[in-house]
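To keep things clear, I will list the structure first and then write my remarks on it.
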Amino acid sequence: MTKSGRPSLLRDIRYFGPDREYLADAEEVTAFGRRLALYLQANGFSVGNWTQLYVMPVPSAVHEEVKTETWMGAGDLDWWLRFARVPVPENFPLLRSVDRAAVLTDATEKALCFFRPDMTSDIAKASQYVQENGNELRFLIKRTTFKQLRLDVSVGINAYPNPSVLEVLRTVDNSVYQIASAQLHVLDDAWDLVGGVTEKAGEVVVSPRKSFTAQLASDRYGGPLRFPLAAFRTVSQPLPSIGPIRRI
């Protein structure tokens, strides 16, 4: 629950096995789940007070309904997450990676629709959009606007082992688009590394948030991220940008 009393926005979707360990061989669908969560979040999607959805595929020979549970079975301790046990074909563990990903994508939609049956059409459309655009999606974290210049800092989510990227878009006079990017050690660093963005002395500087953990993250990158203007390349059209979004 937010401080204002409104339900929380969805922040993350991940995938777990029967023993509540991260599901193996699921890198592509894990990236899909995180993209879908942020896309839905940017559109004001909520599943209640909690923010994290963990999809757990359960092989079954018969039709079963989606079931939900907390991590420890104590709601006060697990206010921020829910497991969704979603029935999948009995041969799920034997499927090829691409077929497993298709099953998990469908399971994700079923889980979301279980919690929000009033939004089944919106969920299906969001899932389709994210699948079609994949790693070309950018999620806006910070925007600063000057007289004739706009600076957008966004994150692009890639499937492991490919690194996710922090991307800076310079928009000049609403017509010239220039892009520079930096690889992230881990995706979650993006929200620590971006507290502000400015342009001065021939470079764009992305400064970290003002917190202890953000400073630690920034130190791992050698301090604030700096992008010389010479590092920017001009593009005819930027990649699709969604947001703004909040920290995962």
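Each chain in the structure tokens gets a letter, A, B and so on, in the order shown; residues start at 1 in every chain, and ligands are counted from 1 in the order they appear.
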Please, which residues in range 21-124 of chain A fall within 12 Å of range 185-194 of chain A when counting only C-alpha atoms, and what is the closest atom pair and distance in Å to one decimal for each, ordered by chain then residue number, as a tab-separated table?
residue	atom	partner	partner_atom	distance
A:Ala31	CA	A:Leu187	CA	10.3
A:Arg34	CA	A:Leu187	CA	10.1
A:Arg35	CA	A:Leu187	CA	11.5
Same residues, N, CA and C atoms, saved as a PDB file, in the first residue's frame:
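Printed below is out.pdb as written:
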ATOM      1  N   ALA A  31      13.225 -11.940 -18.868  1.00  0.00           N
ATOM      2  CA  ALA A  31      13.295 -10.584 -19.420  1.00  0.00           C
ATOM      3  C   ALA A  31      11.907 -10.117 -19.844  1.00  0.00           C
ATOM      4  N   ARG A  34       9.867  -9.048 -16.725  1.00  0.00           N
ATOM      5  CA  ARG A  34      10.260  -7.760 -16.156  1.00  0.00           C
ATOM      6  C   ARG A  34       9.820  -6.611 -17.063  1.00  0.00           C
ATOM      7  N   ARG A  35       9.915  -6.814 -18.367  1.00  0.00           N
ATOM      8  CA  ARG A  35       9.423  -5.786 -19.297  1.00  0.00           C
ATOM      9  C   ARG A  35       7.919  -5.598 -19.147  1.00  0.00           C
TER      10      ARG A  35
END
Kindly assemble as a tab-separated table a list of the range 85-115 of chain A residues that lie within 9 Å of range 127-150 of chain A, each paired with its nearest atom pair and their distance in Å to one decimal, using only C-alpha atoms, sorted first by chain and then by ascending residue number.
residue	atom	partner	partner_atom	distance
A:Thr105	CA	A:Ser127	CA	8.2
A:Thr108	CA	A:Ser127	CA	8.9
A:Glu109	CA	A:Ser127	CA	7.4
Those residues with all heavy atoms, as a short mmCIF file (atom, residue, chain, number, x, y, z; two decimals), in the first residue's frame please?
data_model
loop_
_atom_site.label_atom_id
_atom_site.label_comp_id
_atom_site.auth_asym_id
_atom_site.auth_seq_id
_atom_site.Cartn_x
_atom_site.Cartn_y
_atom_site.Cartn_z
N THR A 105 4.88 -17.66 -20.91
CA THR A 105 4.24 -16.41 -21.31
C THR A 105 2.74 -16.51 -21.12
O THR A 105 2.10 -15.59 -20.58
CB THR A 105 4.56 -16.09 -22.79
OG1 THR A 105 5.97 -15.92 -22.93
CG2 THR A 105 3.86 -14.82 -23.23
N THR A 108 1.90 -16.44 -17.47
CA THR A 108 1.97 -15.09 -16.92
C THR A 108 0.65 -14.35 -17.13
O THR A 108 0.13 -13.71 -16.21
CB THR A 108 3.11 -14.30 -17.60
OG1 THR A 108 4.33 -15.03 -17.47
CG2 THR A 108 3.26 -12.93 -16.95
N GLU A 109 0.11 -14.45 -18.32
CA GLU A 109 -1.17 -13.82 -18.59
C GLU A 109 -2.27 -14.40 -17.71
O GLU A 109 -3.12 -13.67 -17.18
CB GLU A 109 -1.54 -13.98 -20.07
CG GLU A 109 -0.65 -13.20 -21.03
CD GLU A 109 -1.15 -13.28 -22.45
OE1 GLU A 109 -2.38 -13.24 -22.66
OE2 GLU A 109 -0.32 -13.38 -23.37
#
Using only C-alpha atoms, which of A:Phe45, A:Ala201, A:Ile242, A:Trp79 sits nearest Thr120 in chain A?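 Of all the options, A:Phe45 lies closest to Thr120 in chain A.
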Residues near Leu9 in chain A, anyone? I mean within 7 Å using only C-alpha atoms, not counting same-chain ones fewer than 5 positions away, as a ChimeraX atom specification. /A:41,44-46,51
Take the selection from the previous step and output its residues with C-alpha atoms, as a PDB file, in the first residue's frame.
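Final output, out_25.pdb:
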ATOM      1  CA  GLN A  41       3.186  -0.233 -14.172  1.00  0.00           C
ATOM      2  CA  GLY A  44      -1.158   2.352 -13.767  1.00  0.00           C
ATOM      3  CA  PHE A  45      -1.660  -1.407 -13.340  1.00  0.00           C
ATOM      4  CA  SER A  46      -2.090  -2.729  -9.803  1.00  0.00           C
ATOM      5  CA  THR A  51       4.239  -5.222  -5.905  1.00  0.00           C
TER       6      THR A  51
END
Identify all residues of range 95-165 of chain A in strand (DSSP E) (DSSP on the backbone) and supply them as a PyMOL selection string. chain A and resi 138-145+149-156+165
Would you mind exporting N, CA, C and O atoms of the selected residues as a JSON list (two decimals), in the first residue's frame?
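So result22.json came out as:
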[["chain", "number", "residue", "atom", "x", "y", "z"],
["A", 138, "ARG", "N", 12.25, 0.71, -24.27],
["A", 138, "ARG", "CA", 13.00, 1.51, -23.32],
["A", 138, "ARG", "C", 12.02, 2.02, -22.25],
["A", 138, "ARG", "O", 10.92, 2.46, -22.58],
["A", 139, "PHE", "N", 12.47, 1.97, -20.99],
["A", 139, "PHE", "CA", 11.61, 2.39, -19.88],
["A", 139, "PHE", "C", 12.22, 3.63, -19.23],
["A", 139, "PHE", "O", 13.32, 3.60, -18.70],
["A", 140, "LEU", "N", 11.47, 4.71, -19.30],
["A", 140, "LEU", "CA", 11.96, 6.02, -18.88],
["A", 140, "LEU", "C", 12.10, 6.11, -17.37],
["A", 140, "LEU", "O", 11.16, 5.81, -16.63],
["A", 141, "ILE", "N", 13.28, 6.53, -16.92],
["A", 141, "ILE", "CA", 13.54, 6.72, -15.50],
["A", 141, "ILE", "C", 13.58, 8.20, -15.13],
["A", 141, "ILE", "O", 13.05, 8.62, -14.11],
["A", 142, "LYS", "N", 14.23, 9.01, -15.98],
["A", 142, "LYS", "CA", 14.40, 10.43, -15.66],
["A", 142, "LYS", "C", 14.34, 11.27, -16.92],
["A", 142, "LYS", "O", 14.89, 10.88, -17.95],
["A", 143, "ARG", "N", 13.69, 12.42, -16.82],
["A", 143, "ARG", "CA", 13.62, 13.36, -17.95],
["A", 143, "ARG", "C", 13.92, 14.77, -17.44],
["A", 143, "ARG", "O", 13.37, 15.21, -16.42],
["A", 144, "THR", "N", 14.80, 15.47, -18.16],
["A", 144, "THR", "CA", 15.08, 16.87, -17.88],
["A", 144, "THR", "C", 14.92, 17.67, -19.17],
["A", 144, "THR", "O", 15.43, 17.28, -20.21],
["A", 145, "THR", "N", 14.19, 18.77, -19.09],
["A", 145, "THR", "CA", 13.91, 19.58, -20.27],
["A", 145, "THR", "C", 14.49, 20.97, -20.11],
["A", 145, "THR", "O", 14.28, 21.63, -19.08],
["A", 149, "LEU", "N", 16.28, 21.59, -25.59],
["A", 149, "LEU", "CA", 16.93, 20.30, -25.40],
["A", 149, "LEU", "C", 16.17, 19.49, -24.35],
["A", 149, "LEU", "O", 15.78, 20.01, -23.30],
["A", 150, "ARG", "N", 15.98, 18.20, -24.64],
["A", 150, "ARG", "CA", 15.39, 17.29, -23.67],
["A", 150, "ARG", "C", 16.32, 16.10, -23.50],
["A", 150, "ARG", "O", 16.80, 15.53, -24.48],
["A", 151, "LEU", "N", 16.58, 15.74, -22.25],
["A", 151, "LEU", "CA", 17.42, 14.59, -21.93],
["A", 151, "LEU", "C", 16.56, 13.53, -21.25],
["A", 151, "LEU", "O", 15.95, 13.78, -20.20],
["A", 152, "ASP", "N", 16.50, 12.34, -21.85],
["A", 152, "ASP", "CA", 15.77, 11.21, -21.29],
["A", 152, "ASP", "C", 16.75, 10.12, -20.94],
["A", 152, "ASP", "O", 17.58, 9.73, -21.77],
["A", 153, "VAL", "N", 16.66, 9.61, -19.72],
["A", 153, "VAL", "CA", 17.47, 8.46, -19.31],
["A", 153, "VAL", "C", 16.52, 7.27, -19.14],
["A", 153, "VAL", "O", 15.60, 7.33, -18.33],
["A", 154, "SER", "N", 16.78, 6.22, -19.89],
["A", 154, "SER", "CA", 15.91, 5.05, -19.88],
["A", 154, "SER", "C", 16.74, 3.78, -19.72],
["A", 154, "SER", "O", 17.96, 3.79, -19.90],
["A", 155, "VAL", "N", 16.05, 2.70, -19.39],
["A", 155, "VAL", "CA", 16.72, 1.41, -19.28],
["A", 155, "VAL", "C", 16.13, 0.46, -20.30],
["A", 155, "VAL", "O", 14.92, 0.44, -20.54],
["A", 156, "GLY", "N", 17.01, -0.31, -20.94],
["A", 156, "GLY", "CA", 16.60, -1.36, -21.86],
["A", 156, "GLY", "C", 16.93, -2.70, -21.23],
["A", 156, "GLY", "O", 18.06, -2.93, -20.78],
["A", 165, "VAL", "N", 20.97, -2.19, -20.55],
["A", 165, "VAL", "CA", 21.67, -0.94, -20.86],
["A", 165, "VAL", "C", 20.93, 0.26, -20.28],
["A", 165, "VAL", "O", 19.70, 0.26, -20.17]]
Atom pair CA of Pro93 in chain A / CA of Pro57 in chain A: separation (Å):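 Interatomic distance, CA of Pro93 in chain A to CA of Pro57 in chain A: 9.8 Å.
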